[in-house]
file upload.cif (mmCIF, C-alpha atoms)
data_entry
loop_
_atom_site.group_PDB
_atom_site.id
_atom_site.type_symbol
_atom_site.label_atom_id
_atom_site.label_comp_id
_atom_site.auth_asym_id
_atom_site.auth_seq_id
_atom_site.Cartn_x
_atom_site.Cartn_y
_atom_site.Cartn_z
ATOM 1 C CA MET S 157 32.878 -20.010 -12.788
ATOM 2 C CA ASN S 158 30.086 -18.296 -14.699
ATOM 3 C CA ALA S 159 30.518 -14.632 -15.503
ATOM 4 C CA PRO S 160 27.836 -12.262 -14.155
ATOM 5 C CA VAL S 161 25.217 -11.166 -16.661
ATOM 6 C CA LEU S 162 23.791 -7.665 -16.713
ATOM 7 C CA LYS S 163 19.995 -7.476 -16.675
ATOM 8 C CA VAL S 164 19.675 -4.805 -19.353
ATOM 9 C CA PRO S 165 16.504 -4.347 -21.458
ATOM 10 C CA GLN S 166 17.103 -4.686 -25.185
ATOM 11 C CA ALA S 167 16.106 -2.128 -27.817
ATOM 12 C CA ARG S 168 12.522 -2.235 -29.030
ATOM 13 C CA ASP S 169 11.555 -4.441 -31.968
ATOM 14 C CA GLU S 170 11.772 -2.754 -35.370
ATOM 15 C CA ALA S 171 8.025 -3.128 -35.979
ATOM 16 C CA VAL S 172 7.300 -1.299 -32.741
ATOM 17 C CA ARG S 173 9.751 1.486 -33.535
ATOM 18 C CA GLU S 174 8.062 2.002 -36.885
ATOM 19 C CA ALA S 175 4.822 2.843 -35.041
ATOM 20 C CA GLY S 176 6.390 6.116 -33.956
ATOM 21 C CA PRO S 177 8.491 7.587 -31.136
ATOM 22 C CA LEU S 178 5.475 7.217 -28.830
ATOM 23 C CA LEU S 179 3.214 4.210 -29.292
ATOM 24 C CA PRO S 180 -0.269 5.464 -30.281
ATOM 25 C CA LEU S 181 -2.546 3.779 -27.763
ATOM 26 C CA ALA S 182 -4.487 6.518 -25.980
ATOM 27 C CA HIS S 183 -7.122 6.746 -28.721
ATOM 28 C CA ARG S 184 -8.077 3.116 -28.066
ATOM 29 C CA LEU S 185 -8.851 3.685 -24.370
ATOM 30 C CA PRO S 186 -12.157 5.413 -23.564
ATOM 31 C CA ALA S 187 -11.582 8.637 -21.641
ATOM 32 C CA PRO S 188 -10.917 9.503 -18.947
ATOM 33 C CA ILE S 189 -7.998 7.139 -18.400
ATOM 34 C CA HIS S 190 -7.278 6.378 -14.738
ATOM 35 C CA PHE S 191 -4.187 4.645 -13.369
ATOM 36 C CA ALA S 192 -4.819 2.199 -10.480
ATOM 37 C CA LEU S 193 -1.678 1.376 -8.504
ATOM 38 C CA ALA S 194 -1.544 -1.598 -6.150
ATOM 39 C CA GLY S 195 0.242 -1.964 -2.835
ATOM 40 C CA GLY S 196 3.178 -4.316 -2.363
ATOM 41 C CA GLY S 197 5.977 -2.889 -0.223
ATOM 42 C CA SER S 198 9.376 -3.114 -1.906
ATOM 43 C CA HIS S 199 7.660 -4.579 -4.978
ATOM 44 C CA GLY S 200 6.496 -1.041 -5.685
ATOM 45 C CA ALA S 201 9.719 -0.704 -7.683
ATOM 46 C CA ILE S 202 7.900 -2.709 -10.348
ATOM 47 C CA GLN S 203 5.610 0.288 -10.884
ATOM 48 C CA TRP S 204 8.683 2.385 -11.607
ATOM 49 C CA GLY S 205 9.479 -0.009 -14.471
ATOM 50 C CA LEU S 206 5.867 -0.009 -15.690
ATOM 51 C CA LEU S 207 5.807 3.786 -15.756
ATOM 52 C CA GLN S 208 9.018 3.804 -17.782
ATOM 53 C CA ALA S 209 7.289 1.638 -20.388
ATOM 54 C CA LEU S 210 4.162 3.816 -20.351
ATOM 55 C CA GLU S 211 6.358 6.857 -21.019
ATOM 56 C CA GLU S 212 7.069 5.314 -24.432
ATOM 57 C CA THR S 213 3.360 5.533 -25.298
ATOM 58 C CA ASP S 214 0.948 8.457 -25.587
ATOM 59 C CA ILE S 215 -1.097 7.223 -22.608
ATOM 60 C CA ARG S 216 -1.296 9.829 -19.863
ATOM 61 C CA PRO S 217 -3.529 9.567 -16.778
ATOM 62 C CA ALA S 218 -6.428 11.939 -16.208
ATOM 63 C CA ALA S 219 -6.433 10.732 -12.583
ATOM 64 C CA LEU S 220 -4.620 8.263 -10.339
ATOM 65 C CA ILE S 221 -5.596 6.145 -7.364
ATOM 66 C CA GLY S 222 -3.218 4.053 -5.285
ATOM 67 C CA THR S 223 -2.946 1.836 -2.233
ATOM 68 C CA SER S 224 0.040 1.707 0.142
ATOM 69 C CA VAL S 225 3.256 1.944 -1.921
ATOM 70 C CA GLY S 226 1.019 2.486 -4.956
ATOM 71 C CA ALA S 227 -0.274 5.605 -3.232
ATOM 72 C CA LEU S 228 3.301 6.879 -2.870
ATOM 73 C CA THR S 229 4.003 6.235 -6.550
ATOM 74 C CA GLY S 230 0.689 7.794 -7.529
ATOM 75 C CA ALA S 231 1.397 10.920 -5.487
ATOM 76 C CA VAL S 232 4.814 11.361 -7.131
ATOM 77 C CA VAL S 233 3.235 11.098 -10.587
ATOM 78 C CA ALA S 234 0.305 13.347 -9.692
ATOM 79 C CA GLU S 235 2.566 16.045 -8.268
ATOM 80 C CA ASP S 236 4.626 16.496 -11.454
ATOM 81 C CA PRO S 237 4.021 13.928 -14.240
ATOM 82 C CA ALA S 238 6.854 15.214 -16.425
ATOM 83 C CA SER S 239 9.550 14.520 -13.812
ATOM 84 C CA ALA S 240 7.952 11.531 -12.072
ATOM 85 C CA VAL S 241 9.860 8.669 -13.708
ATOM 86 C CA ASN S 242 13.199 10.420 -13.191
ATOM 87 C CA ARG S 243 12.354 11.143 -9.549
ATOM 88 C CA LEU S 244 11.277 7.559 -8.967
ATOM 89 C CA THR S 245 14.668 6.438 -10.286
ATOM 90 C CA TYR S 246 16.394 8.294 -7.475
ATOM 91 C CA ILE S 247 13.850 7.100 -4.918
ATOM 92 C CA TRP S 248 14.115 3.417 -5.741
ATOM 93 C CA THR S 249 17.896 3.320 -6.143
ATOM 94 C CA GLN S 250 18.221 4.647 -2.586
ATOM 95 C CA LEU S 251 15.211 3.251 -0.742
ATOM 96 C CA GLU S 252 15.905 0.709 1.985
ATOM 97 C CA LEU S 253 13.917 -0.627 4.923
ATOM 98 C CA LYS S 254 15.684 1.759 7.313
ATOM 99 C CA PHE S 255 13.993 4.735 5.627
ATOM 100 C CA LEU S 256 10.657 3.309 6.775
ATOM 101 C CA VAL S 257 11.380 1.698 10.143
ATOM 102 C CA GLY S 258 14.685 3.200 11.274
ATOM 103 C CA GLY S 259 18.029 1.615 11.947
ATOM 104 C CA LEU S 260 17.113 -1.043 14.515
ATOM 105 C CA GLY S 261 15.222 -3.291 12.111
ATOM 106 C CA LEU S 262 11.992 -5.154 12.749
ATOM 107 C CA THR S 263 13.430 -7.933 14.918
ATOM 108 C CA LYS S 264 14.755 -5.590 17.626
ATOM 109 C CA GLN S 265 11.702 -3.382 17.317
ATOM 110 C CA LEU S 266 9.511 -6.416 17.974
ATOM 111 C CA LEU S 267 11.235 -6.999 21.292
ATOM 112 C CA LEU S 268 11.044 -3.341 22.284
ATOM 113 C CA ASN S 269 7.526 -2.461 21.142
ATOM 114 C CA ALA S 270 5.472 -5.652 21.257
ATOM 115 C CA LEU S 271 2.652 -3.964 23.172
ATOM 116 C CA GLN S 272 2.570 -0.756 21.118
ATOM 117 C CA PRO S 273 0.151 0.057 18.211
ATOM 118 C CA GLY S 274 2.946 -0.886 15.803
ATOM 119 C CA LEU S 275 6.409 -2.393 15.967
ATOM 120 C CA VAL S 276 7.754 1.002 14.946
ATOM 121 C CA ASP S 277 6.417 4.543 14.828
ATOM 122 C CA ASN S 278 5.950 6.250 11.477
ATOM 123 C CA ASP S 279 8.441 9.083 12.050
ATOM 124 C CA ASN S 280 10.987 7.644 9.613
ATOM 125 C CA GLU S 281 8.359 7.072 6.950
ATOM 126 C CA ARG S 282 6.979 10.583 7.448
ATOM 127 C CA GLY S 283 10.451 12.067 7.031
ATOM 128 C CA SER S 284 11.027 10.037 3.868
ATOM 129 C CA LEU S 285 7.703 11.148 2.373
ATOM 130 C CA GLU S 286 8.426 14.790 3.175
ATOM 131 C CA ALA S 287 11.802 14.450 1.421
ATOM 132 C CA MET S 288 10.209 12.882 -1.669
ATOM 133 C CA LEU S 289 7.305 15.282 -2.095
ATOM 134 C CA ARG S 290 7.053 19.055 -2.177
ATOM 135 C CA ALA S 291 3.239 18.848 -2.022
ATOM 136 C CA ARG S 292 1.634 18.901 1.420
ATOM 137 C CA ASP S 293 -2.020 18.929 0.388
ATOM 138 C CA PHE S 294 -4.008 17.123 -2.298
ATOM 139 C CA ALA S 295 -4.782 20.562 -3.742
ATOM 140 C CA ASP S 296 -1.052 20.994 -4.503
ATOM 141 C CA LEU S 297 -1.058 18.113 -7.005
ATOM 142 C CA ALA S 298 -1.160 18.722 -10.755
ATOM 143 C CA VAL S 299 -3.331 15.647 -11.524
ATOM 144 C CA PRO S 300 -6.287 14.389 -9.436
ATOM 145 C CA PHE S 301 -5.127 11.671 -7.046
ATOM 146 C CA ALA S 302 -6.667 9.540 -4.302
ATOM 147 C CA ALA S 303 -5.156 7.273 -1.655
ATOM 148 C CA VAL S 304 -6.949 4.121 -0.488
ATOM 149 C CA THR S 305 -6.962 3.176 3.200
ATOM 150 C CA THR S 306 -8.917 0.793 5.405
ATOM 151 C CA ASP S 307 -11.246 2.198 8.058
ATOM 152 C CA LEU S 308 -10.165 0.367 11.205
ATOM 153 C CA ALA S 309 -13.688 0.463 12.698
ATOM 154 C CA SER S 310 -15.649 -0.792 9.691
ATOM 155 C CA GLY S 311 -12.956 -2.652 7.736
ATOM 156 C CA ARG S 312 -14.115 -0.916 4.565
ATOM 157 C CA ALA S 313 -11.967 0.688 1.890
ATOM 158 C CA THR S 314 -11.903 4.456 2.271
ATOM 159 C CA VAL S 315 -10.759 6.778 -0.500
ATOM 160 C CA ILE S 316 -9.065 10.003 0.602
ATOM 161 C CA ASP S 317 -8.666 12.708 -2.046
ATOM 162 C CA SER S 318 -8.605 16.009 -0.168
ATOM 163 C CA GLY S 319 -6.899 17.651 2.778
ATOM 164 C CA PRO S 320 -3.352 17.006 4.065
ATOM 165 C CA LEU S 321 -1.443 14.618 1.788
ATOM 166 C CA ILE S 322 1.212 13.113 4.059
ATOM 167 C CA PRO S 323 -1.233 11.733 6.701
ATOM 168 C CA ALA S 324 -3.254 10.075 3.924
ATOM 169 C CA LEU S 325 -0.123 8.386 2.537
ATOM 170 C CA LEU S 326 0.885 7.265 6.023
ATOM 171 C CA ALA S 327 -2.589 5.812 6.586
ATOM 172 C CA SER S 328 -2.625 4.026 3.241
ATOM 173 C CA SER S 329 0.665 2.274 4.088
ATOM 174 C CA ALA S 330 0.124 1.646 7.815
ATOM 175 C CA ILE S 331 0.808 -2.101 7.774
ATOM 176 C CA PRO S 332 -1.265 -3.552 10.632
ATOM 177 C CA GLY S 333 0.956 -4.589 13.506
ATOM 178 C CA VAL S 334 4.071 -3.037 11.964
ATOM 179 C CA LEU S 335 3.207 0.655 11.564
ATOM 180 C CA PRO S 336 0.652 2.439 13.767
ATOM 181 C CA PRO S 337 -2.869 3.368 12.613
ATOM 182 C CA VAL S 338 -3.297 6.981 11.528
ATOM 183 C CA SER S 339 -6.085 9.239 12.801
ATOM 184 C CA ILE S 340 -7.753 11.477 10.215
ATOM 185 C CA ASP S 341 -10.816 13.550 11.131
ATOM 186 C CA GLY S 342 -11.417 11.452 14.234
ATOM 187 C CA ARG S 343 -11.296 8.021 12.552
ATOM 188 C CA TRP S 344 -8.461 5.493 12.538
ATOM 189 C CA TYR S 345 -7.087 4.073 9.299
ATOM 190 C CA VAL S 346 -4.639 1.335 8.326
ATOM 191 C CA ASP S 347 -3.095 -0.028 5.139
ATOM 192 C CA GLY S 348 -5.452 -0.393 2.184
ATOM 193 C CA LEU S 349 -4.146 -3.955 1.710
ATOM 194 C CA ALA S 350 -6.880 -5.137 4.040
ATOM 195 C CA SER S 351 -9.703 -3.821 1.838
ATOM 196 C CA ALA S 352 -8.647 -2.764 -1.678
ATOM 197 C CA ASN S 353 -4.999 -3.495 -2.434
ATOM 198 C CA LEU S 354 -5.595 -3.077 -6.171
ATOM 199 C CA PRO S 355 -8.185 -0.280 -6.411
ATOM 200 C CA ALA S 356 -9.526 -0.810 -9.944
ATOM 201 C CA VAL S 357 -13.158 -0.774 -8.780
ATOM 202 C CA GLN S 358 -12.569 2.448 -6.878
ATOM 203 C CA ALA S 359 -11.169 3.985 -10.085
ATOM 204 C CA VAL S 360 -14.374 3.063 -11.923
ATOM 205 C CA GLN S 361 -16.455 4.498 -9.083
ATOM 206 C CA ARG S 362 -14.539 7.749 -9.512
ATOM 207 C CA GLY S 363 -15.554 8.003 -13.163
ATOM 208 C CA ALA S 364 -12.848 6.150 -15.088
ATOM 209 C CA GLY S 365 -13.706 5.425 -18.728
ATOM 210 C CA SER S 366 -10.840 2.931 -18.767
ATOM 211 C CA VAL S 367 -8.347 1.754 -16.174
ATOM 212 C CA VAL S 368 -4.645 1.011 -16.551
ATOM 213 C CA VAL S 369 -3.586 -1.291 -13.710
ATOM 214 C CA LEU S 370 -0.072 -1.056 -12.307
ATOM 215 C CA ASP S 371 0.193 -4.112 -10.070
ATOM 216 C CA THR S 372 3.263 -5.093 -8.045
ATOM 217 C CA GLY S 373 3.837 -8.657 -9.195
ATOM 218 C CA SER S 374 3.161 -11.829 -7.286
ATOM 219 C CA ARG S 375 4.821 -14.397 -5.072
ATOM 220 C CA ASP S 376 4.485 -18.153 -4.946
ATOM 221 C CA ALA S 377 2.529 -19.321 -1.931
ATOM 222 C CA GLN S 378 4.771 -19.990 1.041
ATOM 223 C CA GLU S 379 5.096 -23.468 2.473
ATOM 224 C CA VAL S 380 2.477 -24.254 5.077
ATOM 225 C CA SER S 381 4.016 -23.517 8.446
ATOM 226 C CA THR S 382 2.917 -22.604 11.946
ATOM 227 C CA SER S 383 5.572 -19.890 12.362
ATOM 228 C CA ALA S 384 4.133 -16.402 12.733
ATOM 229 C CA THR S 385 6.087 -14.905 9.828
ATOM 230 C CA ARG S 386 5.133 -17.709 7.432
ATOM 231 C CA ILE S 387 1.469 -17.503 8.433
ATOM 232 C CA VAL S 388 1.400 -13.741 7.821
ATOM 233 C CA ALA S 389 3.205 -14.111 4.480
ATOM 234 C CA ARG S 390 0.888 -16.872 3.271
ATOM 235 C CA LEU S 391 -2.255 -14.994 4.310
ATOM 236 C CA SER S 392 -0.995 -11.792 2.640
ATOM 237 C CA ILE S 393 -0.369 -13.650 -0.623
ATOM 238 C CA ALA S 394 -3.803 -15.274 -0.525
ATOM 239 C CA LEU S 395 -5.529 -12.000 0.342
ATOM 240 C CA ALA S 396 -3.780 -10.077 -2.441
ATOM 241 C CA ALA S 397 -4.610 -12.768 -5.031
ATOM 242 C CA SER S 398 -8.273 -12.933 -3.992
ATOM 243 C CA GLN S 399 -8.626 -9.159 -4.071
ATOM 244 C CA ARG S 400 -6.883 -8.967 -7.448
ATOM 245 C CA ARG S 401 -9.375 -11.389 -9.029
ATOM 246 C CA ALA S 402 -12.390 -9.653 -7.494
ATOM 247 C CA GLN S 403 -11.255 -6.136 -8.399
ATOM 248 C CA LEU S 404 -10.372 -7.014 -11.998
ATOM 249 C CA ALA S 405 -13.591 -8.955 -12.537
ATOM 250 C CA GLU S 406 -15.863 -6.195 -11.239
ATOM 251 C CA ALA S 407 -14.035 -3.362 -12.999
ATOM 252 C CA GLY S 408 -13.691 -5.344 -16.243
ATOM 253 C CA GLU S 409 -17.446 -5.855 -16.420
ATOM 254 C CA GLN S 410 -17.888 -2.082 -16.706
ATOM 255 C CA VAL S 411 -14.885 -0.602 -18.544
ATOM 256 C CA PRO S 412 -11.745 -1.710 -20.419
ATOM 257 C CA VAL S 413 -9.041 -2.633 -17.911
ATOM 258 C CA VAL S 414 -5.466 -2.855 -19.199
ATOM 259 C CA LEU S 415 -3.561 -5.124 -16.810
ATOM 260 C CA LEU S 416 0.134 -4.459 -17.314
ATOM 261 C CA PRO S 417 2.323 -7.586 -16.952
ATOM 262 C CA THR S 418 4.503 -7.949 -13.871
ATOM 263 C CA PRO S 419 7.170 -10.425 -12.686
ATOM 264 C CA ASN S 420 6.286 -13.494 -10.641
ATOM 265 C CA ASP S 421 8.086 -15.448 -7.923
ATOM 266 C CA LEU S 422 9.357 -12.338 -6.169
ATOM 267 C CA GLY S 423 11.046 -12.128 -2.795
ATOM 268 C CA GLY S 424 9.605 -10.660 0.383
ATOM 269 C CA THR S 425 7.777 -7.342 0.282
ATOM 270 C CA LEU S 426 10.213 -5.850 2.826
ATOM 271 C CA ASP S 427 13.299 -6.998 0.889
ATOM 272 C CA PHE S 428 14.751 -4.036 -1.022
ATOM 273 C CA GLY S 429 17.717 -5.934 -2.466
ATOM 274 C CA GLU S 430 16.175 -6.640 -5.888
ATOM 275 C CA THR S 431 14.345 -3.402 -6.606
ATOM 276 C CA VAL S 432 16.371 -2.389 -9.672
ATOM 277 C CA SER S 433 16.326 -5.843 -11.285
ATOM 278 C CA ASN S 434 12.578 -6.179 -10.579
ATOM 279 C CA ALA S 435 11.958 -2.785 -12.198
ATOM 280 C CA ALA S 436 14.077 -3.706 -15.218
ATOM 281 C CA GLN S 437 12.140 -6.938 -15.705
ATOM 282 C CA ALA S 438 8.809 -5.133 -15.373
ATOM 283 C CA TYR S 439 9.902 -2.481 -17.881
ATOM 284 C CA SER S 440 10.863 -5.099 -20.481
ATOM 285 C CA MET S 441 7.694 -7.140 -19.994
ATOM 286 C CA CYS S 442 5.413 -4.110 -20.104
ATOM 287 C CA ARG S 443 7.120 -2.500 -23.081
ATOM 288 C CA ASP S 444 6.737 -5.693 -25.123
ATOM 289 C CA PHE S 445 3.100 -6.041 -24.071
ATOM 290 C CA LEU S 446 2.247 -2.453 -24.993
ATOM 291 C CA GLY S 447 3.948 -2.930 -28.344
ATOM 292 C CA ARG S 448 1.813 -5.981 -29.074
ATOM 293 C CA LEU S 449 -1.310 -4.134 -27.968
ATOM 294 C CA THR S 450 -0.436 -1.298 -30.363
ATOM 295 C CA LEU S 451 0.077 -3.629 -33.317
ATOM 296 C CA ALA S 452 -3.036 -5.695 -32.515
ATOM 297 C CA GLY S 453 -5.488 -3.139 -33.919
ATOM 298 C CA SER S 454 -6.860 0.376 -33.721
ATOM 299 C CA ASP S 455 -10.432 -0.123 -32.510
ATOM 300 C CA HIS S 456 -11.661 1.255 -29.202
ATOM 301 C CA LEU S 457 -11.275 -1.268 -26.419
ATOM 302 C CA THR S 458 -14.529 -2.614 -25.012
ATOM 303 C CA PRO S 459 -15.124 -3.694 -21.394
ATOM 304 C CA GLY S 460 -12.945 -6.591 -20.312
ATOM 305 C CA VAL S 461 -9.488 -7.254 -18.916
ATOM 306 C CA TYR S 462 -6.702 -6.901 -21.472
ATOM 307 C CA ALA S 463 -3.750 -8.932 -20.276
ATOM 308 C CA ASP S 464 -0.642 -10.732 -21.432
ATOM 309 C CA ALA S 465 -1.237 -14.202 -22.853
ATOM 310 C CA SER S 466 0.658 -15.652 -19.878
ATOM 311 C CA PHE S 467 -1.847 -14.152 -17.429
ATOM 312 C CA PRO S 468 -3.486 -17.089 -15.610
ATOM 313 C CA GLY S 469 -6.984 -15.581 -15.817
ATOM 314 C CA LEU S 470 -9.532 -14.303 -13.374
ATOM 315 C CA GLY S 471 -10.887 -17.690 -12.486
ATOM 316 C CA GLN S 472 -13.145 -20.013 -14.438
ATOM 317 C CA ALA S 473 -16.290 -18.013 -13.751
ATOM 318 C CA ASP S 474 -14.749 -14.799 -15.088
ATOM 319 C CA ALA S 475 -12.800 -16.192 -18.054
ATOM 320 C CA HIS S 476 -15.157 -14.418 -20.475
ATOM 321 C CA LEU S 477 -13.691 -11.080 -19.359
ATOM 322 C CA VAL S 478 -10.070 -11.804 -20.310
ATOM 323 C CA ARG S 479 -8.819 -10.469 -23.639
ATOM 324 C CA THR S 480 -5.343 -11.906 -24.043
ATOM 325 C CA VAL S 481 -2.723 -9.993 -25.965
ATOM 326 C CA GLY S 482 -0.367 -12.674 -27.220
ATOM 327 C CA PRO S 483 2.940 -12.590 -29.094
#

call {"tool": "encode", "arguments": {"input": "upload.cif", "output": "structure tokens"}}
result
Amino acid sequence: MNAPVLKVPQARDEAVREAGPLLPLAHRLPAPIHFALAGGGSHGAIQWGLLQALEETDIRPAALIGTSVGALTGAVVAEDPASAVNRLTYIWTQLELKFLVGGLGLTKQLLLNALQPGLVDNDNERGSLEAMLRARDFADLAVPFAAVTTDLASGRATVIDSGPLIPALLASSAIPGVLPPVSIDGRWYVDGLASANLPAVQAVQRGAGSVVVLDTGSRDAQEVSTSATRIVARLSIALAASQRRAQLAEAGEQVPVVLLPTPNDLGGTLDFGETVSNAAQAYSMCRDFLGRLTLAGSDHLTPGVYADASFPGLGQADAHLVRTVGP
């Protein structure tokens, strides 16, 4: 019988440690630096690991923009950057599906609420957000922040950066069919997954001189099946991948985009059983990548997508944008 193995990140390489207690990278990224945080349900724990790695550099965001769970993470950082990583530790080591949908679970809710706007109401999610955040308005945040939603009438990405904070976060994460749409100023909004799951372009539109992308990893495509759950999962994976390529390509044409590495072959986005191990893997991958980027030079980064050498690329037509940072 094999003994269990702890998934513990190792100490940094000696060459990286010699660069200083904080890796000097900020001077290479044109200001202002914006963080763009993608949606991804339970995979949002990966952003916790990425932020841990970023804390070991001198990169600090001038503004943040996030979609769905990325909006939650972004709001926590924007409210109090100094305590954000510690607070996210306590969030992700406790967070389970019941804090979002209640104790019945989605299967029973499906039977009870099949004809409602969502399988569950958003009362549990609202309560969880109010427990996580002291801020109640965008004006209460220490760093500029925006949440991305989808306008239910037009299908277009809508950026919300003022007014009540909690309704905007609920709207950004209102998974169609699972959580109900949210009304803000007379319009209905749902999860930003449907329009801009990785809002790098929106960061550029808001004045970013460079963008640091905190994605939420990826999943292998599900087997082709006619079951409802498999169809939804496969379409979600395809939609997220297509949006990722389009967002990175358009943003990378205009400014430097640093795409932090994330794990692949993850479980379901509503499975909270692997959050700590996913975060640990993301932390190790990102820390190594940022170390290589530090040692690779000192020049200002030019427009393009700076990614790990293992990154599959943006597609053949956009390959000219990728600047790989190899071992």

call {"tool": "resolve_selection", "arguments": {"input": "upload.cif", "expression": "the PyMOL selection byres ((chain S and resi 300) around 8)", "output": "list of chain:residue names"}}
result
S:Ala218, S:Ala219, S:Leu220, S:Ala234, S:Phe294, S:Leu297, S:Ala298, S:Val299, S:Phe301, S:Ala302, S:Asp317

call {"tool": "resolve_selection", "arguments": {"input": "upload.cif", "expression": "the PyMOL selection byres ((chain S and resi 195-202) around 8)", "output": "PDB file with C-alpha atoms, in the coordinates of the input"}}
result
ATOM      1  CA  LEU S 193      -1.678   1.376  -8.504  1.00  0.00           C
ATOM      2  CA  ALA S 194      -1.544  -1.598  -6.150  1.00  0.00           C
ATOM      3  CA  GLN S 203       5.610   0.288 -10.884  1.00  0.00           C
ATOM      4  CA  TRP S 204       8.683   2.385 -11.607  1.00  0.00           C
ATOM      5  CA  GLY S 205       9.479  -0.009 -14.471  1.00  0.00           C
ATOM      6  CA  LEU S 206       5.867  -0.009 -15.690  1.00  0.00           C
ATOM      7  CA  GLY S 222      -3.218   4.053  -5.285  1.00  0.00           C
ATOM      8  CA  THR S 223      -2.946   1.836  -2.233  1.00  0.00           C
ATOM      9  CA  SER S 224       0.040   1.707   0.142  1.00  0.00           C
ATOM     10  CA  VAL S 225       3.256   1.944  -1.921  1.00  0.00           C
ATOM     11  CA  GLY S 226       1.019   2.486  -4.956  1.00  0.00           C
ATOM     12  CA  ALA S 227      -0.274   5.605  -3.232  1.00  0.00           C
ATOM     13  CA  THR S 229       4.003   6.235  -6.550  1.00  0.00           C
ATOM     14  CA  TRP S 248      14.115   3.417  -5.741  1.00  0.00           C
ATOM     15  CA  GLY S 348      -5.452  -0.393   2.184  1.00  0.00           C
ATOM     16  CA  LEU S 349      -4.146  -3.955   1.710  1.00  0.00           C
ATOM     17  CA  ASN S 353      -4.999  -3.495  -2.434  1.00  0.00           C
ATOM     18  CA  LEU S 354      -5.595  -3.077  -6.171  1.00  0.00           C
ATOM     19  CA  ASP S 371       0.193  -4.112 -10.070  1.00  0.00           C
ATOM     20  CA  THR S 372       3.263  -5.093  -8.045  1.00  0.00           C
ATOM     21  CA  GLY S 373       3.837  -8.657  -9.195  1.00  0.00           C
ATOM     22  CA  THR S 418       4.503  -7.949 -13.871  1.00  0.00           C
ATOM     23  CA  GLY S 424       9.605 -10.660   0.383  1.00  0.00           C
ATOM     24  CA  THR S 425       7.777  -7.342   0.282  1.00  0.00           C
ATOM     25  CA  LEU S 426      10.213  -5.850   2.826  1.00  0.00           C
ATOM     26  CA  ASP S 427      13.299  -6.998   0.889  1.00  0.00           C
ATOM     27  CA  PHE S 428      14.751  -4.036  -1.022  1.00  0.00           C
ATOM     28  CA  THR S 431      14.345  -3.402  -6.606  1.00  0.00           C
ATOM     29  CA  VAL S 432      16.371  -2.389  -9.672  1.00  0.00           C
ATOM     30  CA  ASN S 434      12.578  -6.179 -10.579  1.00  0.00           C
ATOM     31  CA  ALA S 435      11.958  -2.785 -12.198  1.00  0.00           C
ATOM     32  CA  ALA S 436      14.077  -3.706 -15.218  1.00  0.00           C
ATOM     33  CA  ALA S 438       8.809  -5.133 -15.373  1.00  0.00           C
ATOM     34  CA  TYR S 439       9.902  -2.481 -17.881  1.00  0.00           C
TER      35      TYR S 439
END

call {"tool": "closest_residue", "arguments": {"input": "upload.cif", "among": "S:Pro180, S:Pro160, S:Pro468, S:Gly342", "to": "Ser454 (chain S)", "atoms": "all atoms listed in the file"}}
result
S:Pro180

call {"tool": "resolve_selection", "arguments": {"input": "upload.cif", "expression": "the PyMOL selection byres ((chain S and resi 212) around 10)", "output": "count of residues only"}}
result
16

call {"tool": "axis_aligned_box", "arguments": {"input": "upload.cif", "around": "region 449-461 of chain S", "padding_each_side": "3 Å", "output": "AutoDock Vina command-line options"}}
result
--center_x -7.5 --center_y -3.0 --center_z -26.4 --size_x 21.2 --size_y 14.5 --size_z 21.0

call {"tool": "atom_distance", "arguments": {"input": "upload.cif", "atom1": "CA of Thr306 (chain S)", "atom2": "CA of Ile189 (chain S)"}}
result
24.7 Å

call {"tool": "closest_residue", "arguments": {"input": "upload.cif", "among": "S:Asp347, S:Leu404, S:Ser318, S:His456", "to": "Pro332 (chain S)", "atoms": "all atoms listed in the file"}}
result
S:Asp347

call {"tool": "residues_around", "arguments": {"input": "upload.cif", "residues": "Thr314 (chain S)", "least_positions_apart": "3", "cutoff": "7 Å", "atoms": "only C-alpha atoms", "output": "VMD selection string"}}
result
chain S and resid 304 to 307

call {"tool": "residues_near_point", "arguments": {"input": "upload.cif", "point": "(20.8, -7.9, -21.7)", "cutoff": "12 Å", "atoms": "all atoms listed in the file", "output": "PyMOL selection string"}}
result
chain S and resi 160-167+433+436-437+440

call {"tool": "atom_distance", "arguments": {"input": "upload.cif", "atom1": "CA of Phe445 (chain S)", "atom2": "CA of Gln399 (chain S)"}}
result
23.4 Å

call {"tool": "atom_distance", "arguments": {"input": "upload.cif", "atom1": "CA of Ile247 (chain S)", "atom2": "CA of Ala303 (chain S)"}}
result
19.3 Å

call {"tool": "closest_residue", "arguments": {"input": "upload.cif", "among": "S:Val461, S:Val481, S:Leu451, S:Ala364", "to": "Pro188 (chain S)", "atoms": "only C-alpha atoms"}}
result
S:Ala364

call {"tool": "closest_residue", "arguments": {"input": "upload.cif", "among": "S:Leu416, S:Leu395, S:Val367, S:Ala291", "to": "Pro320 (chain S)", "atoms": "all atoms listed in the file"}}
result
S:Ala291

call {"tool": "closest_residue", "arguments": {"input": "upload.cif", "among": "S:Ser351, S:Ser374, S:Asn242, S:Gln403", "to": "Ser328 (chain S)", "atoms": "only C-alpha atoms"}}
result
S:Ser351

call {"tool": "closest_residue", "arguments": {"input": "upload.cif", "among": "S:Val413, S:Ala175, S:Leu470, S:Ile393", "to": "Pro355 (chain S)", "atoms": "only C-alpha atoms"}}
result
S:Val413
